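Q: Pasting data-v1.txt below, which is compact mmCIF, C-alpha atoms.
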# COMPACT_ATOMS: atom_id res chain seq x y z
CA MET X 1 0.00 0.00 0.00
CA ASN X 2 1.59 3.30 -0.99
CA PHE X 3 1.15 6.39 1.14
CA LEU X 4 -1.71 7.93 -0.86
CA GLU X 5 -3.57 4.62 -0.67
CA LEU X 6 -3.03 4.62 3.10
CA VAL X 7 -4.30 8.20 3.36
CA ASN X 8 -7.32 7.24 1.31
CA LYS X 9 -8.00 4.18 3.44
CA ARG X 10 -7.93 6.09 6.74
CA ARG X 11 -11.45 6.81 7.92
CA SER X 12 -13.08 8.15 11.02
CA VAL X 13 -14.51 4.88 12.33
CA ARG X 14 -17.54 5.20 14.58
CA SER X 15 -18.61 1.56 14.74
CA TYR X 16 -16.29 -1.09 16.14
CA ASP X 17 -16.20 -4.88 16.15
CA LEU X 18 -17.09 -5.63 19.76
CA THR X 19 -15.72 -9.16 19.62
CA ARG X 20 -12.21 -8.27 18.48
CA PRO X 21 -9.64 -6.86 20.88
CA VAL X 22 -6.69 -4.79 19.68
CA GLU X 23 -3.29 -6.48 19.82
CA PRO X 24 -0.95 -4.52 22.14
CA GLU X 25 1.96 -4.74 19.67
CA LYS X 26 -0.13 -2.91 17.08
CA VAL X 27 -0.70 -0.06 19.50
CA GLU X 28 3.01 -0.01 20.29
CA ARG X 29 3.77 0.46 16.60
CA CYS X 30 1.31 3.37 16.46
CA ILE X 31 3.17 4.92 19.40
CA GLU X 32 6.47 4.29 17.63
CA ALA X 33 5.15 6.24 14.64
CA VAL X 34 4.42 9.14 17.02
CA ARG X 35 7.79 8.80 18.71
CA LEU X 36 9.58 9.30 15.38
CA ALA X 37 7.43 12.26 14.32
CA PRO X 38 8.97 15.67 13.75
CA SER X 39 8.26 18.56 16.12
CA ALA X 40 9.36 22.17 16.46
CA CYS X 41 12.93 22.24 17.82
CA ASN X 42 12.55 18.49 18.34
CA ALA X 43 10.61 19.23 21.55
CA GLN X 44 8.47 16.05 21.20
CA PRO X 45 5.77 17.72 23.31
CA TRP X 46 3.45 14.76 23.66
CA LYS X 47 2.55 11.97 25.99
CA LEU X 48 0.10 9.19 25.18
CA VAL X 49 -1.96 7.53 27.86
CA VAL X 50 -3.22 4.17 26.61
CA VAL X 51 -6.50 3.36 28.36
CA ASN X 52 -7.01 -0.38 28.14
CA ASP X 53 -8.53 -1.09 31.55
CA PRO X 54 -12.17 -1.80 30.55
CA GLU X 55 -13.79 -0.02 33.49
CA LEU X 56 -11.57 3.05 33.23
CA LYS X 57 -11.95 3.05 29.45
CA ASN X 58 -15.73 3.21 29.84
CA LYS X 59 -15.44 6.12 32.26
CA VAL X 60 -13.22 8.04 29.83
CA ALA X 61 -15.68 7.20 27.04
CA GLU X 62 -18.50 8.62 29.14
CA ALA X 63 -16.55 11.84 29.57
CA ALA X 64 -16.37 12.02 25.77
CA THR X 65 -20.10 11.53 25.32
CA THR X 66 -22.75 14.21 25.44
CA LYS X 67 -25.81 12.05 26.00
CA TRP X 68 -28.53 14.68 25.56
CA LEU X 69 -26.99 15.58 22.18
CA GLY X 70 -26.49 11.93 21.26
CA GLN X 71 -22.88 12.93 20.61
CA ASN X 72 -20.00 10.46 20.50
CA LEU X 73 -22.12 7.58 21.84
CA PHE X 74 -19.92 5.22 19.81
CA VAL X 75 -16.82 5.90 21.90
CA LYS X 76 -17.82 3.37 24.54
CA GLN X 77 -17.78 0.68 21.84
CA ALA X 78 -14.10 1.19 21.11
CA PRO X 79 -11.98 -1.42 22.90
CA LEU X 80 -9.17 1.06 23.44
CA LEU X 81 -8.73 4.78 23.92
CA VAL X 82 -5.53 6.77 23.75
CA VAL X 83 -5.44 10.22 25.34
CA LEU X 84 -2.95 12.61 23.77
CA VAL X 85 -1.50 15.03 26.30
CA ARG X 86 0.30 18.14 25.13
CA GLU X 87 3.52 18.68 27.03
CA SER X 88 5.43 21.91 27.58
CA PRO X 89 7.70 23.09 24.77
CA ASN X 90 11.44 23.13 25.19
CA ILE X 91 13.09 26.54 25.57
CA THR X 92 13.69 27.20 21.86
CA SER X 93 10.19 26.11 20.88
CA LYS X 94 8.74 28.29 23.65
CA LEU X 95 10.78 31.28 22.49
CA GLY X 96 9.36 30.88 18.99
CA THR X 97 5.83 30.59 20.34
CA VAL X 98 6.20 33.82 22.27
CA LEU X 99 8.10 35.85 19.67
CA LYS X 100 6.18 34.62 16.64
CA ASP X 101 2.78 34.04 18.25
CA LYS X 102 2.86 30.48 16.95
CA PRO X 103 1.64 27.68 19.22
CA TYR X 104 4.14 25.16 17.92
CA THR X 105 3.22 22.47 20.43
CA ILE X 106 -0.37 22.41 19.16
CA ILE X 107 0.84 21.97 15.58
CA ASP X 108 3.11 19.19 16.87
CA VAL X 109 0.15 17.43 18.49
CA GLY X 110 -1.55 17.48 15.09
CA ILE X 111 1.50 15.91 13.44
CA ALA X 112 1.63 13.21 16.14
CA THR X 113 -2.07 12.47 15.70
CA ALA X 114 -1.65 12.00 11.95
CA HIS X 115 1.25 9.60 12.49
CA PHE X 116 -0.74 7.57 15.03
CA CYS X 117 -3.86 7.23 12.90
CA LEU X 118 -1.99 6.37 9.72
CA GLN X 119 -0.03 3.60 11.42
CA ALA X 120 -3.31 2.31 12.90
CA THR X 121 -4.76 2.23 9.38
CA GLU X 122 -1.75 0.27 8.18
CA GLU X 123 -2.44 -2.22 10.98
CA GLY X 124 -6.02 -2.68 9.76
CA LEU X 125 -7.38 -0.73 12.71
CA GLY X 126 -9.98 2.00 12.67
CA THR X 127 -9.61 5.25 14.60
CA CYS X 128 -11.63 8.31 15.40
CA ILE X 129 -10.03 11.55 16.59
CA ILE X 130 -12.16 13.10 19.31
CA GLY X 131 -11.58 16.72 20.27
CA TRP X 132 -14.86 17.42 22.02
CA PHE X 133 -14.96 15.92 25.52
CA ASN X 134 -15.04 16.82 29.19
CA GLU X 135 -11.34 17.52 29.59
CA PRO X 136 -11.31 18.16 33.36
CA ALA X 137 -13.08 14.82 33.92
CA VAL X 138 -10.63 12.94 31.68
CA LYS X 139 -7.65 14.56 33.38
CA LYS X 140 -9.00 13.59 36.79
CA LEU X 141 -9.63 9.98 35.72
CA LEU X 142 -6.07 9.58 34.41
CA GLY X 143 -4.19 11.71 36.92
CA ILE X 144 -3.09 14.23 34.30
CA PRO X 145 -1.63 17.33 36.02
CA LYS X 146 -3.87 20.39 36.00
CA ALA X 147 -1.34 22.47 34.09
CA LYS X 148 -1.27 20.04 31.15
CA ARG X 149 -3.76 19.84 28.32
CA ALA X 150 -5.43 16.61 27.27
CA GLU X 151 -5.86 17.72 23.65
CA LEU X 152 -7.40 14.71 21.96
CA ILE X 153 -8.76 11.24 22.53
CA ILE X 154 -8.17 8.66 19.81
CA ALA X 155 -10.67 5.79 19.76
CA ILE X 156 -9.18 2.57 18.36
CA GLY X 157 -10.60 -0.76 17.32
CA TYR X 158 -11.36 -2.98 14.38
CA PRO X 159 -14.07 -1.48 12.20
CA ALA X 160 -17.42 -3.29 12.46
CA LYS X 161 -17.83 -3.16 8.69
CA PRO X 162 -15.92 -2.05 5.60
CA ASP X 163 -16.42 1.59 4.74
CA ALA X 164 -16.75 2.46 1.08
CA ARG X 165 -17.94 6.04 1.55
CA LYS X 166 -16.24 8.51 -0.75
CA LYS X 167 -14.32 11.17 1.15
CA ILE X 168 -16.06 14.54 0.96
CA ARG X 169 -13.36 17.11 0.36
CA LYS X 170 -12.86 20.49 -1.27
CA PRO X 171 -11.57 20.32 -4.87
CA VAL X 172 -7.84 20.90 -5.21
CA GLY X 173 -8.39 24.30 -6.86
CA GLU X 174 -9.89 25.55 -3.60
CA ILE X 175 -6.93 24.60 -1.44
CA ARG X 176 -3.93 25.18 -3.71
CA SER X 177 -2.68 28.20 -5.62
CA PHE X 178 0.61 29.24 -7.20
CA ASN X 179 2.74 32.20 -6.13
CA LYS X 180 -0.31 34.15 -4.92
CA TYR X 181 -2.94 33.40 -2.28
CA MET T 1 8.01 0.79 1.99
CA ASN T 2 5.65 0.35 4.93
CA PHE T 3 4.47 3.31 6.96
CA LEU T 4 7.00 3.00 9.78
CA GLU T 5 9.79 2.83 7.21
CA LEU T 6 8.41 5.99 5.61
CA VAL T 7 8.23 7.73 9.01
CA ASN T 8 11.80 6.69 9.67
CA LYS T 9 12.97 7.90 6.28
CA ARG T 10 11.43 11.38 6.65
CA ARG T 11 14.10 13.87 7.70
CA SER T 12 14.36 17.60 8.05
CA VAL T 13 16.48 18.30 4.98
CA ARG T 14 18.57 21.45 5.10
CA SER T 15 20.78 20.90 2.08
CA TYR T 16 19.27 20.53 -1.38
CA ASP T 17 20.51 19.38 -4.78
CA LEU T 18 20.71 22.68 -6.65
CA THR T 19 20.74 21.03 -10.06
CA ARG T 20 17.55 19.03 -9.68
CA PRO T 21 14.13 20.70 -9.96
CA VAL T 22 11.03 19.20 -8.35
CA GLU T 23 8.52 17.64 -10.73
CA PRO T 24 5.15 19.47 -10.48
CA GLU T 25 3.19 16.18 -10.40
CA LYS T 26 5.06 15.16 -7.23
CA VAL T 27 3.99 18.36 -5.51
CA GLU T 28 0.43 17.77 -6.68
CA ARG T 29 0.46 14.35 -4.99
CA CYS T 30 1.70 15.96 -1.77
CA ILE T 31 -1.22 18.37 -1.99
CA GLU T 32 -3.58 15.47 -2.66
CA ALA T 33 -2.34 13.84 0.57
CA VAL T 34 -3.28 17.08 2.38
CA ARG T 35 -6.61 17.31 0.61
CA LEU T 36 -7.61 13.87 1.92
CA ALA T 37 -6.44 14.54 5.49
CA PRO T 38 -8.91 14.52 8.38
CA SER T 39 -9.85 17.74 10.18
CA ALA T 40 -12.19 18.72 12.99
CA CYS T 41 -15.76 18.69 11.67
CA ASN T 42 -14.23 18.18 8.22
CA ALA T 43 -13.51 21.92 8.09
CA GLN T 44 -10.38 21.43 5.93
CA PRO T 45 -9.03 24.76 7.22
CA TRP T 46 -5.97 24.98 5.02
CA LYS T 47 -4.72 26.56 1.85
CA LEU T 48 -1.34 25.86 0.28
CA VAL T 49 0.47 28.48 -1.76
CA VAL T 50 3.09 26.81 -3.95
CA VAL T 51 5.91 29.28 -4.56
CA ASN T 52 7.75 28.15 -7.68
CA ASP T 53 8.55 31.49 -9.29
CA PRO T 54 12.32 31.67 -8.67
CA GLU T 55 12.46 35.39 -7.84
CA LEU T 56 9.45 35.30 -5.54
CA LYS T 57 10.71 32.07 -3.97
CA ASN T 58 13.98 33.78 -3.07
CA LYS T 59 12.11 36.70 -1.51
CA VAL T 60 10.01 34.33 0.63
CA ALA T 61 13.19 32.47 1.56
CA GLU T 62 14.75 35.74 2.67
CA ALA T 63 11.73 36.39 4.91
CA ALA T 64 12.44 33.02 6.51
CA THR T 65 16.10 33.78 7.14
CA THR T 66 17.53 35.63 10.10
CA LYS T 67 20.91 36.56 8.67
CA TRP T 68 22.58 37.90 11.81
CA LEU T 69 21.67 34.64 13.57
CA GLY T 70 22.72 32.55 10.57
CA GLN T 71 19.26 31.01 10.87
CA ASN T 72 17.53 29.14 8.04
CA LEU T 73 20.13 30.21 5.48
CA PHE T 74 19.46 26.94 3.67
CA VAL T 75 15.90 27.91 2.69
CA LYS T 76 17.06 29.86 -0.36
CA GLN T 77 18.62 26.64 -1.68
CA ALA T 78 15.29 24.85 -1.82
CA PRO T 79 13.87 24.92 -5.34
CA LEU T 80 10.32 25.14 -4.03
CA LEU T 81 8.51 26.53 -1.03
CA VAL T 82 4.95 25.85 0.04
CA VAL T 83 3.27 28.24 2.45
CA LEU T 84 0.56 26.69 4.58
CA VAL T 85 -2.22 29.15 5.40
CA ARG T 86 -4.64 28.40 8.20
CA GLU T 87 -8.21 29.11 7.16
CA SER T 88 -11.21 29.91 9.34
CA PRO T 89 -12.97 26.95 10.95
CA ASN T 90 -16.51 26.05 9.92
CA ILE T 91 -19.27 26.82 12.41
CA THR T 92 -19.18 23.51 14.31
CA SER T 93 -15.38 23.54 14.57
CA LYS T 94 -15.49 27.15 15.75
CA LEU T 95 -18.10 26.30 18.38
CA GLY T 96 -15.84 23.56 19.73
CA THR T 97 -12.86 25.91 19.80
CA VAL T 98 -14.80 28.47 21.83
CA LEU T 99 -16.60 26.09 24.20
CA LYS T 100 -13.70 23.70 24.75
CA ASP T 101 -10.80 26.15 24.42
CA LYS T 102 -9.32 23.90 21.75
CA PRO T 103 -7.80 25.52 18.66
CA TYR T 104 -8.87 22.74 16.34
CA THR T 105 -7.69 24.49 13.17
CA ILE T 106 -4.12 24.60 14.48
CA ILE T 107 -4.19 20.86 15.19
CA ASP T 108 -5.59 20.39 11.67
CA VAL T 109 -2.67 22.35 10.20
CA GLY T 110 -0.34 19.93 11.98
CA ILE T 111 -2.15 16.93 10.50
CA ALA T 112 -1.97 18.49 7.03
CA THR T 113 1.74 19.18 7.42
CA ALA T 114 2.44 15.56 8.37
CA HIS T 115 0.52 14.30 5.33
CA PHE T 116 2.43 16.66 3.02
CA CYS T 117 5.88 15.76 4.29
CA LEU T 118 5.25 12.01 4.33
CA GLN T 119 4.04 12.02 0.73
CA ALA T 120 7.09 14.10 -0.21
CA THR T 121 9.29 11.47 1.44
CA GLU T 122 7.54 8.76 -0.55
CA GLU T 123 8.37 10.75 -3.71
CA GLY T 124 12.05 10.78 -2.76
CA LEU T 125 11.91 14.47 -1.86
CA GLY T 126 13.30 16.16 1.20
CA THR T 127 11.37 18.71 3.24
CA CYS T 128 11.92 21.03 6.13
CA ILE T 129 9.07 22.49 8.16
CA ILE T 130 9.80 26.11 8.99
CA GLY T 131 7.77 27.82 11.69
CA TRP T 132 10.07 30.75 12.40
CA PHE T 133 9.84 33.45 9.72
CA ASN T 134 8.73 37.00 9.11
CA GLU T 135 5.03 36.26 8.70
CA PRO T 136 3.88 39.78 7.77
CA ALA T 137 6.52 39.92 5.02
CA VAL T 138 5.50 36.50 3.63
CA LYS T 139 1.82 37.48 3.70
CA LYS T 140 2.56 40.67 1.80
CA LEU T 141 4.65 38.88 -0.82
CA LEU T 142 1.90 36.35 -1.53
CA GLY T 143 -1.17 38.55 -1.06
CA ILE T 144 -2.41 36.58 1.94
CA PRO T 145 -5.22 38.53 3.67
CA LYS T 146 -4.25 40.23 6.92
CA ALA T 147 -6.82 38.24 8.92
CA LYS T 148 -5.32 34.88 7.89
CA ARG T 149 -2.31 33.19 9.44
CA ALA T 150 0.56 31.86 7.37
CA GLU T 151 1.44 29.12 9.88
CA LEU T 152 4.28 27.27 8.23
CA ILE T 153 6.59 27.23 5.25
CA ILE T 154 7.61 23.84 3.88
CA ALA T 155 10.90 23.82 1.96
CA ILE T 156 11.01 21.09 -0.70
CA GLY T 157 13.72 19.67 -2.92
CA TYR T 158 15.91 16.69 -3.57
CA PRO T 159 18.37 16.15 -0.73
CA ALA T 160 21.95 17.02 -1.63
CA LYS T 161 23.19 13.86 0.05
CA PRO T 162 21.84 10.78 1.79
CA ASP T 163 21.21 11.26 5.50
CA ALA T 164 22.08 8.39 7.79
CA ARG T 165 21.77 10.29 11.08
CA LYS T 166 19.93 8.38 13.74
CA LYS T 167 16.80 10.18 14.90
CA ILE T 168 17.23 11.63 18.37
CA ARG T 169 14.04 10.89 20.26
CA LYS T 170 12.79 10.28 23.79
CA PRO T 171 12.55 6.58 24.70
CA VAL T 172 9.04 5.12 24.47
CA GLY T 173 8.75 4.87 28.27
CA GLU T 174 8.88 8.65 28.47
CA ILE T 175 6.03 9.27 26.07
CA ARG T 176 3.65 6.38 26.74
CA SER T 177 1.90 5.12 29.88
CA PHE T 178 -1.06 2.88 30.66
CA ASN T 179 -4.26 3.97 32.37
CA LYS T 180 -2.49 6.68 34.35
CA TYR T 181 -0.48 9.71 33.28
Here is the file; what I need is its structure written in the form of structure tokens.
A:
Amino acid sequence: MNFLELVNKRRSVRSYDLTRPVEPEKVERCIEAVRLAPSACNAQPWKLVVVNDPELKNKVAEAATTKWLGQNLFVKQAPLLVVLVRESPNITSKLGTVLKDKPYTIIDVGIATAHFCLQATEEGLGTCIIGWFNEPAVKKLLGIPKAKRAELIIAIGYPAKPDARKKIRKPVGEIRSFNKY
Amino acid sequence: MNFLELVNKRRSVRSYDLTRPVEPEKVERCIEAVRLAPSACNAQPWKLVVVNDPELKNKVAEAATTKWLGQNLFVKQAPLLVVLVRESPNITSKLGTVLKDKPYTIIDVGIATAHFCLQATEEGLGTCIIGWFNEPAVKKLLGIPKAKRAELIIAIGYPAKPDARKKIRKPVGEIRSFNKY
């Protein structure tokens, strides 16, 4: 599978095979893909908390669900959740953030997330990146220090069914130009 | 090449082959990898300005160079620069940003950047992600509206030489834990 095929195959999976656990070595390879990711000034400002304890996983899933909106109800189905914590920048990255008004560590978290989800796709796993959740509750459940940000939760599991939806995206002419915005 | 091999192969390249131009179709495939990337609420909040006009490219490169610091002097060598502009979120993404204090579009820019650089690696190209540059000057050169942010410049070209450096990264035990931060 070449990289564009991998990119095309990656989907936001919201329905998981409840009978099929995720092999730990597959998750370790996803983490390895994050570990090798680039970051501003090589700060590597990320920590991943793998939530594989079923009871705790369900509590974290509940903190990612807004029941009255029917939002993210699928998260509880996922056999595994990974919480991506944004760490402090190193001194050079911090200097850039201050002087250039560029939150490099947030960009870095995005890069790490892409690496994780693409490796998961290569492993045959489905993922869903969740950015809307009760962050204080998740931090409390996992003992994440108050000063840190739990930026994203990644739900992981085998997809319940193949997904042949066509990706809905802007045409290239809307996102690319030459020499002028 | 599997995905972990690709991740391992990707380097920040700061020395380019001056005799070898970049084929336009390779850049188009890098943009396609961005186009298919995931984003919060599928907002796709990115625009890529490909700077391939040699004179303009050199001016943008100069805006990315801090001469008295000797910083980023290599950028002028790169035959091609791509400026990644962060676009406004759609309404649902914006709502999340406000209610959850999560700058989703910045995370999305990180995801897009990873997709671009990994496809470039697959094409045999080298890249360097530049976050430190004179943003007002770059915006003026490319006609980027004042309200938008030019988040990153990606330098692209064929590497001048093979790079066998080992990646310097934190050990996995420092970036991954189970069920507890």
Q: Grab the CA of Lys9 in chain T to CA of Arg35 in chain X distance for me, in Å with one decimal place.
A: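 Pair CA of Lys9 in chain T / CA of Arg35 in chain X returns 13.5 Å.
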Q: Could you list, as number ranges by chain, the residues of chain X having an atom within 7 Å of chain T when counting only C-alpha atoms?
A: X: 3-4, 7-8, 33, 35-36, 46-53, 96, 100, 106-111, 113-114, 119, 132, 142-144, 169, 172, 175-181
Q: Choose the residue, out of X:Ala64, X:Leu95, X:Leu69, X:Leu80, that has the smallest atom-to-atom separation from Glu23 in chain X; count all atoms listed in the file.
A: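 Going through X:Ala64, X:Leu95, X:Leu69, X:Leu80 one by one, the smallest distance to Glu23 in chain X is for X:Leu80.
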Q: For a test of reading the model, state the distance in Å between CA of Asp163 in chain X and CA of Val13 in chain X, rounded to one decimal.
A: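 These atoms are spaced 8.5 Å apart.
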Q: Please report the interatomic distance between CA of Ala160 in chain X and CA of Ser15 in chain X in Å with one decimal.
A: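 Calculated distance between CA of Ala160 in chain X and CA of Ser15 in chain X is 5.5 Å.
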Q: Is it possible to dump range 50-85 of chain T as a PDB file, in the first residue's frame, including just C-alpha atoms?
A:
ATOM      1  CA  VAL T  50       3.090  26.812  -3.954  1.00  0.00           C
ATOM      2  CA  VAL T  51       5.912  29.276  -4.563  1.00  0.00           C
ATOM      3  CA  ASN T  52       7.752  28.150  -7.682  1.00  0.00           C
ATOM      4  CA  ASP T  53       8.551  31.494  -9.287  1.00  0.00           C
ATOM      5  CA  PRO T  54      12.316  31.673  -8.667  1.00  0.00           C
ATOM      6  CA  GLU T  55      12.464  35.388  -7.839  1.00  0.00           C
ATOM      7  CA  LEU T  56       9.452  35.300  -5.543  1.00  0.00           C
ATOM      8  CA  LYS T  57      10.706  32.066  -3.969  1.00  0.00           C
ATOM      9  CA  ASN T  58      13.976  33.780  -3.073  1.00  0.00           C
ATOM     10  CA  LYS T  59      12.106  36.699  -1.507  1.00  0.00           C
ATOM     11  CA  VAL T  60      10.007  34.332   0.628  1.00  0.00           C
ATOM     12  CA  ALA T  61      13.189  32.468   1.564  1.00  0.00           C
ATOM     13  CA  GLU T  62      14.753  35.737   2.673  1.00  0.00           C
ATOM     14  CA  ALA T  63      11.735  36.392   4.905  1.00  0.00           C
ATOM     15  CA  ALA T  64      12.441  33.015   6.510  1.00  0.00           C
ATOM     16  CA  THR T  65      16.098  33.778   7.140  1.00  0.00           C
ATOM     17  CA  THR T  66      17.533  35.631  10.101  1.00  0.00           C
ATOM     18  CA  LYS T  67      20.911  36.564   8.674  1.00  0.00           C
ATOM     19  CA  TRP T  68      22.580  37.895  11.809  1.00  0.00           C
ATOM     20  CA  LEU T  69      21.674  34.637  13.573  1.00  0.00           C
ATOM     21  CA  GLY T  70      22.720  32.553  10.572  1.00  0.00           C
ATOM     22  CA  GLN T  71      19.261  31.012  10.872  1.00  0.00           C
ATOM     23  CA  ASN T  72      17.526  29.144   8.037  1.00  0.00           C
ATOM     24  CA  LEU T  73      20.125  30.210   5.481  1.00  0.00           C
ATOM     25  CA  PHE T  74      19.460  26.938   3.666  1.00  0.00           C
ATOM     26  CA  VAL T  75      15.901  27.915   2.695  1.00  0.00           C
ATOM     27  CA  LYS T  76      17.057  29.860  -0.359  1.00  0.00           C
ATOM     28  CA  GLN T  77      18.616  26.639  -1.679  1.00  0.00           C
ATOM     29  CA  ALA T  78      15.285  24.846  -1.821  1.00  0.00           C
ATOM     30  CA  PRO T  79      13.866  24.920  -5.345  1.00  0.00           C
ATOM     31  CA  LEU T  80      10.324  25.140  -4.032  1.00  0.00           C
ATOM     32  CA  LEU T  81       8.512  26.534  -1.025  1.00  0.00           C
ATOM     33  CA  VAL T  82       4.946  25.848   0.039  1.00  0.00           C
ATOM     34  CA  VAL T  83       3.271  28.244   2.454  1.00  0.00           C
ATOM     35  CA  LEU T  84       0.558  26.694   4.583  1.00  0.00           C
ATOM     36  CA  VAL T  85      -2.216  29.152   5.403  1.00  0.00           C
TER      37      VAL T  85
END
